[in-house]
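Asks: This is the structure, below, for whatever I ask next.
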Amino acid sequence: MSFINYASREINCKIVYYGPGLCGKTTNLQYVYQKTAADAKGKMISLATETERTLFFDFLPLSLGEIRGFKTRFHLYTVPGQVFYDASRKLILKGVDGVVFVADSQEERYDANIESLDNLRFNLDEQGYDLDKLPFIIQYNKRDLPNVMPLDELRKDLNLKGVPDFEACAATGEGVFETLKAVAKLILIDLKKGS
Amino acid sequence: MASPQLVMYDEEFKQINIVIDKLLREANAKVIFLVDKNGQLISGVGEVERFDTTSLASLTAGNIAATGGLAKLIGEKEFSILFHEGEKDNLHISIVGGRVILVVLFDNRSSLGLVRLRVKKASDELTIIFDGLMKKAEEKEKSGTTDFPFAEITDDDIDNLFS
Ligand SMILES: Nc1nc2c(ncn2[C@@H]2O[C@H](COP(=O)(O)OP(=O)(O)O)[C@@H](O)[C@H]2O)c(=O)[nH]1
Ligand SMILES: [Mg+2]
């Protein structure tokens, strides 16, 4: 749920990166952080375990510039992917304006992708959101690896509604900004419709 | 959408700042923040430059969300007050009007008892302002008289954000 502040002329939106454990959500945020000018970003916060697995969330605030005299801010969050962190995932989805589902393209992660996508739909539903009505983007990550599934197969099983989707290699940054831009754009279009 | 859009107008923003400014003085606090439950900073007074306010807002909201989850697990609705005691500085965090989070940072020039007392009074005042704000936003939406500038957004505007 975006926050529009007419007093300070700001608009704040929340984007959540969702997906199975180790699919590359944190890597997406790290790349965005590295490539964003210092004055356009805040501190990146990672609440992680000692082995760098996301424990609660990663958080990256971006301030992209102005639209029609309003400062436009996006708050990027990732969820912990492991199955047993479901309670935390639900909390992070509160007030979400747009979702990026990061799929792990590797064959052996096929089931994990399907499970995580089901879990996303279920958790959103519990909070009163319908995934089909939210700004939603899919990213097929780790395209650089040898054991990946063909794109059209992933598409057929993960992108049933034909939302905008992108191939990516978050480790090198390929597709990372395309994904972010696409979801930001959908959110702004959504706001425009809402007015 | 699951919950209505949070909006803030000049008039209410000023009223809110008057209340938390007063709280800052009366509670002898160092800094006071108001944060939306989704982690967006609404306003701050006191020594705000010394802190990373965006991070503070996000972590406060995460904290409230996590303890709210704990509360539900043990059959409570929510914990409406959290208190974190540090060596020098302390945080008093409370939920105002069910939706906004009030964060008071204070040191040994104040006390938990004083902060608690003053927060209670300020919370009542803030609740009234936020209730009014909700009504106003709803009415504006119903009558279609929103001064929302996004109706005129073009694709170019959006593309320019990333250039
Ligand atoms: N080969 C390859 N590795 C990646 C890619 N994206 C992320 N990784 C690696 O996958 C691992 C898990 O990434 P992480 O971002 O922590 O996953 P998260 O659990 O979704 O946050 C790390 O070792 C990353 O370096 C990618 O596009 N290609
Ligand atoms: Mg992670």
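Letters A, B, ... mark the chains of the structure tokens in the order given; residue numbers begin at 1 per chain; ligand numbers begin at 1, in order shown.
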Tell me the residues of chain A close to chain B, meaning within 9 Å using only C-alpha atoms, as a short mmCIF file (atom, residue, chain, number, x, y, z; two decimals) with all heavy atoms, in the first residue's frame.
Replies:
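The result, written out as out-v1.cif:
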data_model
loop_
_atom_site.label_atom_id
_atom_site.label_comp_id
_atom_site.auth_asym_id
_atom_site.auth_seq_id
_atom_site.Cartn_x
_atom_site.Cartn_y
_atom_site.Cartn_z
N MET A 1 0.83 -1.18 0.00
CA MET A 1 0.00 0.00 0.00
C MET A 1 0.87 1.24 0.00
O MET A 1 1.60 1.49 0.94
CB MET A 1 -0.88 0.00 1.24
CG MET A 1 -1.83 1.13 1.28
SD MET A 1 -2.24 1.55 2.98
CE MET A 1 -0.64 1.63 3.71
N SER A 2 0.81 1.98 -1.08
CA SER A 2 1.70 3.12 -1.19
C SER A 2 1.28 4.22 -0.21
O SER A 2 0.15 4.25 0.25
CB SER A 2 1.65 3.66 -2.61
OG SER A 2 0.32 3.88 -2.97
N PHE A 3 2.21 5.09 0.07
CA PHE A 3 1.97 6.19 1.00
C PHE A 3 2.25 7.49 0.26
O PHE A 3 3.35 7.73 -0.19
CB PHE A 3 2.90 6.02 2.20
CG PHE A 3 2.94 7.21 3.12
CD1 PHE A 3 1.84 8.02 3.32
CD2 PHE A 3 4.10 7.49 3.82
CE1 PHE A 3 1.89 9.10 4.18
CE2 PHE A 3 4.17 8.57 4.68
CZ PHE A 3 3.06 9.38 4.86
N ILE A 4 1.22 8.29 0.09
CA ILE A 4 1.37 9.57 -0.62
C ILE A 4 1.36 10.70 0.40
O ILE A 4 0.38 10.87 1.12
CB ILE A 4 0.24 9.77 -1.64
CG1 ILE A 4 0.23 8.61 -2.63
CG2 ILE A 4 0.43 11.09 -2.37
CD1 ILE A 4 -0.99 8.60 -3.51
N ASN A 5 2.44 11.43 0.44
CA ASN A 5 2.55 12.52 1.39
C ASN A 5 2.51 13.85 0.64
O ASN A 5 3.50 14.24 0.01
CB ASN A 5 3.85 12.37 2.18
CG ASN A 5 3.92 13.33 3.35
OD1 ASN A 5 3.29 14.38 3.32
ND2 ASN A 5 4.68 12.95 4.35
N TYR A 6 1.37 14.52 0.70
CA TYR A 6 1.24 15.79 0.01
C TYR A 6 2.02 16.89 0.71
O TYR A 6 2.38 17.88 0.09
CB TYR A 6 -0.24 16.20 -0.08
CG TYR A 6 -1.02 15.34 -1.03
CD1 TYR A 6 -1.78 14.27 -0.56
CD2 TYR A 6 -0.98 15.57 -2.40
CE1 TYR A 6 -2.49 13.46 -1.43
CE2 TYR A 6 -1.68 14.76 -3.28
CZ TYR A 6 -2.43 13.71 -2.78
OH TYR A 6 -3.10 12.91 -3.64
N ALA A 7 2.26 16.71 2.01
CA ALA A 7 2.99 17.73 2.77
C ALA A 7 4.45 17.78 2.33
O ALA A 7 4.99 18.85 2.07
CB ALA A 7 2.88 17.45 4.26
N SER A 8 5.09 16.61 2.22
CA SER A 8 6.50 16.62 1.80
C SER A 8 6.63 16.28 0.32
O SER A 8 7.74 16.14 -0.20
CB SER A 8 7.29 15.62 2.64
OG SER A 8 6.71 14.35 2.59
N ASN A 12 5.72 6.82 -1.63
CA ASN A 12 6.52 5.65 -1.24
C ASN A 12 5.80 4.37 -1.64
O ASN A 12 4.62 4.22 -1.35
CB ASN A 12 6.69 5.62 0.29
CG ASN A 12 7.62 6.72 0.76
OD1 ASN A 12 8.80 6.71 0.49
ND2 ASN A 12 7.06 7.70 1.44
N CYS A 13 6.53 3.46 -2.28
CA CYS A 13 5.93 2.19 -2.69
C CYS A 13 6.79 1.03 -2.20
O CYS A 13 8.00 1.15 -2.09
CB CYS A 13 5.82 2.10 -4.20
SG CYS A 13 4.93 3.47 -4.93
N LYS A 14 6.14 -0.10 -1.96
CA LYS A 14 6.85 -1.26 -1.42
C LYS A 14 6.86 -2.41 -2.44
O LYS A 14 5.81 -2.84 -2.91
CB LYS A 14 6.14 -1.71 -0.13
CG LYS A 14 6.72 -2.96 0.50
CD LYS A 14 6.11 -3.17 1.87
CE LYS A 14 6.62 -4.45 2.51
NZ LYS A 14 6.07 -4.62 3.88
N GLY A 42 19.52 4.47 0.08
CA GLY A 42 19.80 4.47 1.50
C GLY A 42 20.65 3.26 1.81
O GLY A 42 21.19 2.61 0.91
N LYS A 43 20.80 2.99 3.10
CA LYS A 43 21.59 1.84 3.50
C LYS A 43 20.85 0.55 3.16
O LYS A 43 19.64 0.50 3.27
CB LYS A 43 21.83 1.90 5.01
CG LYS A 43 23.22 1.48 5.37
CD LYS A 43 23.69 1.95 6.73
CE LYS A 43 23.10 1.18 7.87
NZ LYS A 43 23.08 1.95 9.10
N MET A 44 21.59 -0.48 2.72
CA MET A 44 20.95 -1.77 2.54
C MET A 44 21.06 -2.55 3.85
O MET A 44 22.14 -2.69 4.39
CB MET A 44 21.59 -2.56 1.41
CG MET A 44 20.98 -3.93 1.24
SD MET A 44 21.35 -4.69 -0.34
CE MET A 44 20.80 -6.37 -0.02
N ILE A 45 19.92 -3.00 4.32
CA ILE A 45 19.91 -3.75 5.58
C ILE A 45 19.64 -5.21 5.29
O ILE A 45 18.70 -5.54 4.57
CB ILE A 45 18.78 -3.23 6.49
CG1 ILE A 45 19.12 -1.81 6.93
CG2 ILE A 45 18.58 -4.13 7.69
CD1 ILE A 45 18.06 -1.22 7.80
N PHE A 56 15.20 -12.64 8.19
CA PHE A 56 13.92 -11.95 8.27
C PHE A 56 13.66 -11.23 6.94
O PHE A 56 12.78 -11.59 6.20
CB PHE A 56 13.93 -10.99 9.45
CG PHE A 56 12.57 -10.44 9.81
CD1 PHE A 56 11.40 -10.90 9.21
CD2 PHE A 56 12.45 -9.46 10.78
CE1 PHE A 56 10.16 -10.38 9.56
CE2 PHE A 56 11.21 -8.94 11.14
CZ PHE A 56 10.07 -9.40 10.52
N PHE A 57 14.48 -10.25 6.62
CA PHE A 57 14.36 -9.63 5.30
C PHE A 57 15.62 -8.86 4.95
O PHE A 57 16.46 -8.58 5.80
CB PHE A 57 13.15 -8.69 5.23
CG PHE A 57 13.12 -7.57 6.25
CD1 PHE A 57 13.94 -6.46 6.12
CD2 PHE A 57 12.25 -7.62 7.32
CE1 PHE A 57 13.90 -5.42 7.05
CE2 PHE A 57 12.20 -6.58 8.26
CZ PHE A 57 13.03 -5.49 8.12
N PHE A 59 16.46 -5.15 3.03
CA PHE A 59 15.71 -3.92 2.79
C PHE A 59 16.62 -2.94 2.06
O PHE A 59 17.75 -2.72 2.47
CB PHE A 59 15.25 -3.33 4.12
CG PHE A 59 14.71 -1.92 4.02
CD1 PHE A 59 13.53 -1.67 3.34
CD2 PHE A 59 15.37 -0.87 4.63
CE1 PHE A 59 13.02 -0.38 3.26
CE2 PHE A 59 14.87 0.43 4.55
CZ PHE A 59 13.69 0.67 3.87
N LEU A 60 16.13 -2.39 0.97
CA LEU A 60 16.89 -1.39 0.23
C LEU A 60 15.98 -0.25 -0.20
O LEU A 60 15.08 -0.45 -1.01
CB LEU A 60 17.54 -2.03 -1.01
CG LEU A 60 18.26 -1.08 -1.96
CD1 LEU A 60 19.38 -0.32 -1.27
CD2 LEU A 60 18.81 -1.84 -3.16
N PRO A 61 16.16 0.94 0.36
CA PRO A 61 15.35 2.08 -0.06
C PRO A 61 15.99 2.79 -1.24
O PRO A 61 17.18 3.08 -1.23
CB PRO A 61 15.35 2.98 1.18
CG PRO A 61 16.60 2.65 1.92
CD PRO A 61 17.05 1.28 1.51
N LEU A 64 14.19 7.44 -6.65
CA LEU A 64 14.52 7.42 -8.08
C LEU A 64 14.46 8.76 -8.77
O LEU A 64 14.97 8.92 -9.86
CB LEU A 64 13.59 6.45 -8.80
CG LEU A 64 13.90 4.98 -8.50
CD1 LEU A 64 12.98 4.08 -9.31
CD2 LEU A 64 15.35 4.64 -8.80
N GLY A 65 13.80 9.71 -8.15
CA GLY A 65 13.67 10.99 -8.84
C GLY A 65 12.25 11.47 -8.72
O GLY A 65 11.49 10.95 -7.90
N GLU A 66 11.90 12.46 -9.51
CA GLU A 66 10.58 13.05 -9.36
C GLU A 66 9.67 12.74 -10.52
O GLU A 66 10.10 12.66 -11.67
CB GLU A 66 10.72 14.58 -9.22
CG GLU A 66 11.37 14.98 -7.93
CD GLU A 66 11.18 16.46 -7.63
OE1 GLU A 66 10.56 17.17 -8.45
OE2 GLU A 66 11.65 16.90 -6.56
N ILE A 67 8.40 12.58 -10.19
CA ILE A 67 7.37 12.52 -11.22
C ILE A 67 6.36 13.60 -10.88
O ILE A 67 5.81 13.61 -9.78
CB ILE A 67 6.66 11.15 -11.23
CG1 ILE A 67 7.57 10.08 -11.82
CG2 ILE A 67 5.38 11.24 -12.04
CD1 ILE A 67 6.86 8.79 -12.14
N ARG A 68 6.14 14.50 -11.81
CA ARG A 68 5.15 15.57 -11.59
C ARG A 68 5.33 16.25 -10.24
O ARG A 68 4.38 16.45 -9.50
CB ARG A 68 3.74 14.99 -11.69
CG ARG A 68 3.48 14.21 -12.94
CD ARG A 68 2.90 15.05 -14.02
NE ARG A 68 3.25 14.50 -15.33
CZ ARG A 68 2.82 15.00 -16.48
NH1 ARG A 68 2.06 16.07 -16.48
NH2 ARG A 68 3.18 14.47 -17.61
N GLY A 69 6.59 16.50 -9.88
CA GLY A 69 6.87 17.23 -8.64
C GLY A 69 6.81 16.39 -7.37
O GLY A 69 6.95 16.92 -6.28
N PHE A 70 6.61 15.10 -7.53
CA PHE A 70 6.61 14.23 -6.35
C PHE A 70 7.86 13.35 -6.34
O PHE A 70 8.16 12.68 -7.33
CB PHE A 70 5.36 13.33 -6.34
CG PHE A 70 4.18 13.98 -5.68
CD1 PHE A 70 3.60 15.11 -6.25
CD2 PHE A 70 3.67 13.49 -4.51
CE1 PHE A 70 2.51 15.72 -5.64
CE2 PHE A 70 2.58 14.09 -3.89
CZ PHE A 70 2.01 15.22 -4.46
N THR A 72 9.78 10.17 -5.84
CA THR A 72 9.28 8.80 -5.93
C THR A 72 10.25 7.84 -5.27
O THR A 72 11.40 7.73 -5.69
CB THR A 72 9.11 8.41 -7.41
OG1 THR A 72 8.42 9.47 -8.06
CG2 THR A 72 8.31 7.14 -7.55
N HIS A 75 10.70 1.06 -1.82
CA HIS A 75 11.33 0.26 -0.78
C HIS A 75 11.35 -1.19 -1.22
O HIS A 75 10.30 -1.80 -1.40
CB HIS A 75 10.57 0.41 0.54
CG HIS A 75 10.73 1.77 1.15
ND1 HIS A 75 10.11 2.14 2.31
CD2 HIS A 75 11.47 2.83 0.77
CE1 HIS A 75 10.46 3.38 2.62
NE2 HIS A 75 11.28 3.83 1.69
N ALA A 87 6.12 -17.72 8.52
CA ALA A 87 5.52 -16.65 9.33
C ALA A 87 6.15 -15.30 8.98
O ALA A 87 5.45 -14.28 8.86
CB ALA A 87 5.69 -16.95 10.81
N SER A 88 7.47 -15.29 8.80
CA SER A 88 8.16 -14.03 8.45
C SER A 88 7.74 -13.55 7.07
O SER A 88 7.55 -12.36 6.84
CB SER A 88 9.67 -14.23 8.46
OG SER A 88 10.09 -14.75 9.69
N LEU A 91 4.56 -11.58 7.10
CA LEU A 91 4.69 -10.23 7.65
C LEU A 91 5.22 -9.27 6.60
O LEU A 91 4.79 -8.14 6.50
CB LEU A 91 5.65 -10.24 8.85
CG LEU A 91 5.24 -11.09 10.05
CD1 LEU A 91 6.33 -11.05 11.11
CD2 LEU A 91 3.93 -10.60 10.63
N ILE A 92 6.19 -9.76 5.80
CA ILE A 92 6.84 -8.86 4.85
C ILE A 92 5.88 -8.49 3.71
O ILE A 92 5.99 -7.43 3.12
CB ILE A 92 8.14 -9.50 4.34
CG1 ILE A 92 9.12 -9.61 5.51
CG2 ILE A 92 8.76 -8.70 3.21
CD1 ILE A 92 10.11 -10.71 5.38
N LYS A 94 2.88 -7.65 4.03
CA LYS A 94 1.92 -6.62 4.44
C LYS A 94 2.20 -5.30 3.74
O LYS A 94 3.32 -4.83 3.72
CB LYS A 94 2.01 -6.39 5.96
CG LYS A 94 1.25 -7.43 6.72
CD LYS A 94 1.19 -7.08 8.19
CE LYS A 94 0.46 -8.19 8.90
NZ LYS A 94 0.67 -8.19 10.34
N GLY A 95 1.17 -4.74 3.17
CA GLY A 95 1.31 -3.43 2.55
C GLY A 95 2.09 -3.43 1.24
O GLY A 95 2.59 -2.40 0.80
N VAL A 96 2.18 -4.57 0.59
CA VAL A 96 2.97 -4.66 -0.64
C VAL A 96 2.25 -3.95 -1.80
O VAL A 96 1.03 -3.97 -1.89
CB VAL A 96 3.25 -6.15 -0.98
CG1 VAL A 96 1.98 -6.89 -1.31
CG2 VAL A 96 4.24 -6.26 -2.13
N GLN A 127 -3.89 -12.24 3.28
CA GLN A 127 -3.85 -10.82 3.65
C GLN A 127 -4.88 -10.02 2.87
O GLN A 127 -4.91 -8.79 2.94
CB GLN A 127 -2.49 -10.21 3.32
CG GLN A 127 -1.33 -11.06 3.67
CD GLN A 127 -0.63 -10.55 4.90
OE1 GLN A 127 -1.02 -9.53 5.45
NE2 GLN A 127 0.38 -11.26 5.33
N GLY A 128 -5.68 -10.70 2.08
CA GLY A 128 -6.70 -10.00 1.32
C GLY A 128 -6.25 -9.48 -0.03
O GLY A 128 -6.90 -8.63 -0.63
N TYR A 129 -5.11 -9.97 -0.53
CA TYR A 129 -4.64 -9.56 -1.86
C TYR A 129 -4.87 -10.69 -2.86
O TYR A 129 -4.79 -11.86 -2.52
CB TYR A 129 -3.13 -9.30 -1.88
CG TYR A 129 -2.65 -8.14 -1.07
CD1 TYR A 129 -2.09 -8.34 0.17
CD2 TYR A 129 -2.71 -6.85 -1.59
CE1 TYR A 129 -1.60 -7.27 0.92
CE2 TYR A 129 -2.23 -5.79 -0.85
CZ TYR A 129 -1.68 -6.00 0.40
OH TYR A 129 -1.19 -4.95 1.11
N ASP A 130 -5.09 -10.30 -4.10
CA ASP A 130 -5.20 -11.27 -5.18
C ASP A 130 -3.98 -11.07 -6.09
O ASP A 130 -3.80 -10.00 -6.66
CB ASP A 130 -6.50 -11.00 -5.95
CG ASP A 130 -6.69 -11.96 -7.10
OD1 ASP A 130 -5.75 -12.72 -7.41
OD2 ASP A 130 -7.77 -11.92 -7.71
N LYS A 133 -4.28 -9.45 -9.35
CA LYS A 133 -4.64 -8.03 -9.45
C LYS A 133 -3.49 -7.13 -9.02
O LYS A 133 -3.57 -5.91 -9.13
CB LYS A 133 -5.86 -7.74 -8.58
CG LYS A 133 -7.09 -8.48 -9.07
CD LYS A 133 -8.37 -7.83 -8.57
CE LYS A 133 -9.58 -8.53 -9.16
NZ LYS A 133 -10.34 -9.27 -8.13
N LEU A 134 -2.42 -7.72 -8.53
CA LEU A 134 -1.27 -6.93 -8.08
C LEU A 134 -0.29 -6.75 -9.24
O LEU A 134 -0.18 -7.61 -10.10
CB LEU A 134 -0.51 -7.70 -6.99
CG LEU A 134 -0.83 -7.49 -5.52
CD1 LEU A 134 0.12 -8.34 -4.70
CD2 LEU A 134 -0.70 -6.03 -5.12
N PHE A 177 17.93 -4.79 -13.59
CA PHE A 177 17.24 -3.50 -13.67
C PHE A 177 16.00 -3.56 -14.55
O PHE A 177 15.03 -2.87 -14.31
CB PHE A 177 18.20 -2.39 -14.14
CG PHE A 177 18.94 -1.78 -12.98
CD1 PHE A 177 20.23 -2.19 -12.68
CD2 PHE A 177 18.33 -0.82 -12.18
CE1 PHE A 177 20.90 -1.64 -11.58
CE2 PHE A 177 19.00 -0.26 -11.10
CZ PHE A 177 20.29 -0.67 -10.79
N LYS A 181 12.60 -2.13 -13.16
CA LYS A 181 11.89 -1.10 -13.92
C LYS A 181 10.47 -1.55 -14.24
O LYS A 181 9.52 -0.78 -14.14
CB LYS A 181 12.60 -0.88 -15.26
CG LYS A 181 13.52 0.29 -15.28
CD LYS A 181 14.04 0.47 -16.70
CE LYS A 181 15.49 0.85 -16.65
NZ LYS A 181 16.09 1.07 -17.97
N ALA A 184 8.24 -1.45 -11.17
CA ALA A 184 8.00 -0.05 -10.78
C ALA A 184 6.97 0.58 -11.71
O ALA A 184 6.07 1.30 -11.29
CB ALA A 184 9.31 0.73 -10.81
N LYS A 185 7.12 0.26 -12.98
CA LYS A 185 6.21 0.82 -13.97
C LYS A 185 4.78 0.33 -13.74
O LYS A 185 3.83 1.12 -13.76
CB LYS A 185 6.69 0.39 -15.37
CG LYS A 185 6.05 1.13 -16.49
CD LYS A 185 6.85 0.96 -17.76
CE LYS A 185 6.19 1.71 -18.90
NZ LYS A 185 7.03 1.76 -20.09
N LEU A 188 3.26 2.18 -10.77
CA LEU A 188 2.87 3.56 -11.08
C LEU A 188 1.62 3.60 -11.96
O LEU A 188 0.75 4.45 -11.78
CB LEU A 188 4.03 4.31 -11.74
CG LEU A 188 5.23 4.56 -10.80
CD1 LEU A 188 6.43 5.08 -11.56
CD2 LEU A 188 4.85 5.53 -9.68
N ILE A 189 1.54 2.65 -12.88
CA ILE A 189 0.35 2.58 -13.74
C ILE A 189 -0.88 2.25 -12.89
O ILE A 189 -1.96 2.79 -13.08
CB ILE A 189 0.55 1.54 -14.86
CG1 ILE A 189 1.59 2.06 -15.85
CG2 ILE A 189 -0.76 1.24 -15.57
CD1 ILE A 189 2.05 1.03 -16.86
N LEU A 191 -1.27 3.00 -9.70
CA LEU A 191 -1.61 4.20 -8.94
C LEU A 191 -2.41 5.17 -9.80
O LEU A 191 -3.36 5.80 -9.34
CB LEU A 191 -0.34 4.91 -8.48
CG LEU A 191 0.32 4.39 -7.22
CD1 LEU A 191 1.65 5.09 -7.01
CD2 LEU A 191 -0.60 4.62 -6.03
N LYS A 192 -2.00 5.24 -11.04
CA LYS A 192 -2.65 6.14 -11.96
C LYS A 192 -4.11 5.72 -12.17
O LYS A 192 -5.01 6.53 -12.17
CB LYS A 192 -1.88 6.09 -13.28
CG LYS A 192 -2.42 6.91 -14.40
CD LYS A 192 -1.48 6.83 -15.59
CE LYS A 192 -2.19 7.34 -16.83
NZ LYS A 192 -1.26 7.57 -17.93
N LYS A 193 -4.30 4.41 -12.28
CA LYS A 193 -5.65 3.88 -12.45
C LYS A 193 -6.50 4.16 -11.22
O LYS A 193 -7.67 4.47 -11.32
CB LYS A 193 -5.61 2.36 -12.68
CG LYS A 193 -5.47 1.99 -14.14
CD LYS A 193 -5.70 0.49 -14.32
CE LYS A 193 -4.40 -0.24 -14.35
NZ LYS A 193 -4.43 -1.65 -14.16
N GLY A 194 -5.85 4.04 -10.05
CA GLY A 194 -6.57 4.22 -8.79
C GLY A 194 -7.05 5.63 -8.55
O GLY A 194 -7.89 5.87 -7.70
N SER A 195 -6.52 6.58 -9.28
CA SER A 195 -6.85 7.97 -8.98
C SER A 195 -8.12 8.42 -9.69
O SER A 195 -8.62 7.74 -10.54
CB SER A 195 -5.70 8.88 -9.38
OG SER A 195 -5.52 8.82 -10.79
#
Asks: Which residues are near ligand 2 - at most 6 Å, using only C-alpha atoms and all ligand atoms? Format: as a PDB file with all heavy atoms, in the first residue's frame.
Replies:
ATOM      1  N   LYS A  25      17.365 -13.738  -4.721  1.00  0.00           N
ATOM      2  CA  LYS A  25      16.647 -12.516  -4.330  1.00  0.00           C
ATOM      3  C   LYS A  25      17.607 -11.483  -3.727  1.00  0.00           C
ATOM      4  O   LYS A  25      17.629 -10.324  -4.130  1.00  0.00           O
ATOM      5  CB  LYS A  25      15.545 -12.856  -3.298  1.00  0.00           C
ATOM      6  CG  LYS A  25      14.511 -13.831  -3.811  1.00  0.00           C
ATOM      7  CD  LYS A  25      13.526 -14.234  -2.736  1.00  0.00           C
ATOM      8  CE  LYS A  25      14.119 -15.104  -1.641  1.00  0.00           C
ATOM      9  NZ  LYS A  25      14.569 -16.431  -2.068  1.00  0.00           N
ATOM     10  N   THR A  26      18.378 -11.940  -2.756  1.00  0.00           N
ATOM     11  CA  THR A  26      19.320 -11.024  -2.111  1.00  0.00           C
ATOM     12  C   THR A  26      20.329 -10.506  -3.138  1.00  0.00           C
ATOM     13  O   THR A  26      20.687  -9.327  -3.132  1.00  0.00           O
ATOM     14  CB  THR A  26      20.045 -11.745  -0.947  1.00  0.00           C
ATOM     15  OG1 THR A  26      19.063 -12.166   0.001  1.00  0.00           O
ATOM     16  CG2 THR A  26      21.036 -10.820  -0.252  1.00  0.00           C
ATOM     17  N   ARG A  53      22.270 -16.558   5.078  1.00  0.00           N
ATOM     18  CA  ARG A  53      20.917 -16.847   4.589  1.00  0.00           C
ATOM     19  C   ARG A  53      20.002 -15.792   5.197  1.00  0.00           C
ATOM     20  O   ARG A  53      20.121 -15.458   6.370  1.00  0.00           O
ATOM     21  CB  ARG A  53      20.465 -18.241   5.069  1.00  0.00           C
ATOM     22  CG  ARG A  53      21.362 -19.382   4.617  1.00  0.00           C
ATOM     23  CD  ARG A  53      21.373 -19.573   3.124  1.00  0.00           C
ATOM     24  NE  ARG A  53      20.065 -19.864   2.565  1.00  0.00           N
ATOM     25  CZ  ARG A  53      19.574 -21.091   2.428  1.00  0.00           C
ATOM     26  NH1 ARG A  53      20.276 -22.134   2.782  1.00  0.00           N
ATOM     27  NH2 ARG A  53      18.380 -21.280   1.893  1.00  0.00           N
ATOM     28  N   THR A  54      19.079 -15.287   4.363  1.00  0.00           N
ATOM     29  CA  THR A  54      18.181 -14.251   4.857  1.00  0.00           C
ATOM     30  C   THR A  54      17.319 -14.801   5.989  1.00  0.00           C
ATOM     31  O   THR A  54      16.673 -15.833   5.843  1.00  0.00           O
ATOM     32  CB  THR A  54      17.285 -13.729   3.718  1.00  0.00           C
ATOM     33  OG1 THR A  54      18.122 -13.311   2.645  1.00  0.00           O
ATOM     34  CG2 THR A  54      16.443 -12.564   4.185  1.00  0.00           C
ATOM     35  N   PRO A  80      12.750 -14.348   3.350  1.00  0.00           N
ATOM     36  CA  PRO A  80      13.573 -15.544   3.507  1.00  0.00           C
ATOM     37  C   PRO A  80      12.898 -16.681   2.745  1.00  0.00           C
ATOM     38  O   PRO A  80      11.695 -16.877   2.870  1.00  0.00           O
ATOM     39  CB  PRO A  80      13.559 -15.802   5.014  1.00  0.00           C
ATOM     40  CG  PRO A  80      12.333 -15.124   5.513  1.00  0.00           C
ATOM     41  CD  PRO A  80      12.003 -14.015   4.562  1.00  0.00           C
TER      42      PRO A  80
END
Asks: Let me have all residues with an atom within 6 Å of ligand 1, counting only C-alpha atoms and all ligand atoms, laid out as a list in words.
Replies: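 Selection of residues at most 6 Å from ligand 1: Gly21, Leu22, Cys23, Gly24, Lys25, Thr26, Thr27, Gly81, Asn141, Lys142, Asp144, Leu145, Cys169, Ala170 and Ala171 of chain A.
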Asks: Deliver the residues from the most recent selection as a file, using N, CA, C and O atoms, as a short mmCIF file (atom, residue, chain, number, x, y, z; two decimals), in the first residue's frame.
Replies:
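Result written to out_6.cif:
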data_model
loop_
_atom_site.label_atom_id
_atom_site.label_comp_id
_atom_site.auth_asym_id
_atom_site.auth_seq_id
_atom_site.Cartn_x
_atom_site.Cartn_y
_atom_site.Cartn_z
N GLY A 21 14.32 -20.58 -1.62
CA GLY A 21 15.63 -20.32 -1.03
C GLY A 21 16.74 -20.41 -2.07
O GLY A 21 16.72 -21.27 -2.94
N LEU A 22 17.67 -19.48 -2.01
CA LEU A 22 18.87 -19.46 -2.86
C LEU A 22 18.60 -19.20 -4.34
O LEU A 22 19.44 -19.46 -5.19
N CYS A 23 17.41 -18.65 -4.68
CA CYS A 23 17.12 -18.38 -6.09
C CYS A 23 17.81 -17.10 -6.57
O CYS A 23 17.92 -16.87 -7.77
N GLY A 24 18.24 -16.25 -5.63
CA GLY A 24 18.94 -15.03 -6.03
C GLY A 24 18.25 -13.73 -5.67
O GLY A 24 18.56 -12.68 -6.26
N LYS A 25 17.36 -13.74 -4.72
CA LYS A 25 16.65 -12.52 -4.33
C LYS A 25 17.61 -11.48 -3.73
O LYS A 25 17.63 -10.32 -4.13
N THR A 26 18.38 -11.94 -2.76
CA THR A 26 19.32 -11.02 -2.11
C THR A 26 20.33 -10.51 -3.14
O THR A 26 20.69 -9.33 -3.13
N THR A 27 20.76 -11.37 -4.05
CA THR A 27 21.71 -10.98 -5.09
C THR A 27 21.13 -9.86 -5.97
O THR A 27 21.84 -8.93 -6.36
N GLY A 81 13.65 -17.41 1.95
CA GLY A 81 13.05 -18.39 1.05
C GLY A 81 12.75 -19.74 1.69
O GLY A 81 11.87 -20.46 1.22
N ASN A 141 15.88 -16.63 -13.10
CA ASN A 141 17.26 -16.29 -12.75
C ASN A 141 18.22 -17.47 -13.00
O ASN A 141 17.80 -18.59 -13.23
N LYS A 142 19.49 -17.17 -12.92
CA LYS A 142 20.59 -18.14 -13.08
C LYS A 142 20.63 -18.73 -14.49
O LYS A 142 20.96 -19.90 -14.66
N ASP A 144 22.74 -18.40 -16.57
CA ASP A 144 24.13 -18.69 -16.96
C ASP A 144 24.51 -20.15 -16.67
O ASP A 144 25.51 -20.63 -17.18
N LEU A 145 23.74 -20.83 -15.83
CA LEU A 145 24.14 -22.19 -15.43
C LEU A 145 23.81 -23.22 -16.52
O LEU A 145 22.90 -23.01 -17.33
N CYS A 169 20.60 -13.03 -14.94
CA CYS A 169 21.72 -13.60 -14.22
C CYS A 169 22.06 -12.55 -13.17
O CYS A 169 22.81 -11.62 -13.44
N ALA A 170 21.45 -12.71 -12.01
CA ALA A 170 21.58 -11.67 -10.98
C ALA A 170 23.03 -11.52 -10.53
O ALA A 170 23.46 -10.45 -10.13
N ALA A 171 23.79 -12.61 -10.64
CA ALA A 171 25.18 -12.59 -10.20
C ALA A 171 25.98 -11.57 -11.03
O ALA A 171 26.87 -10.90 -10.50
#
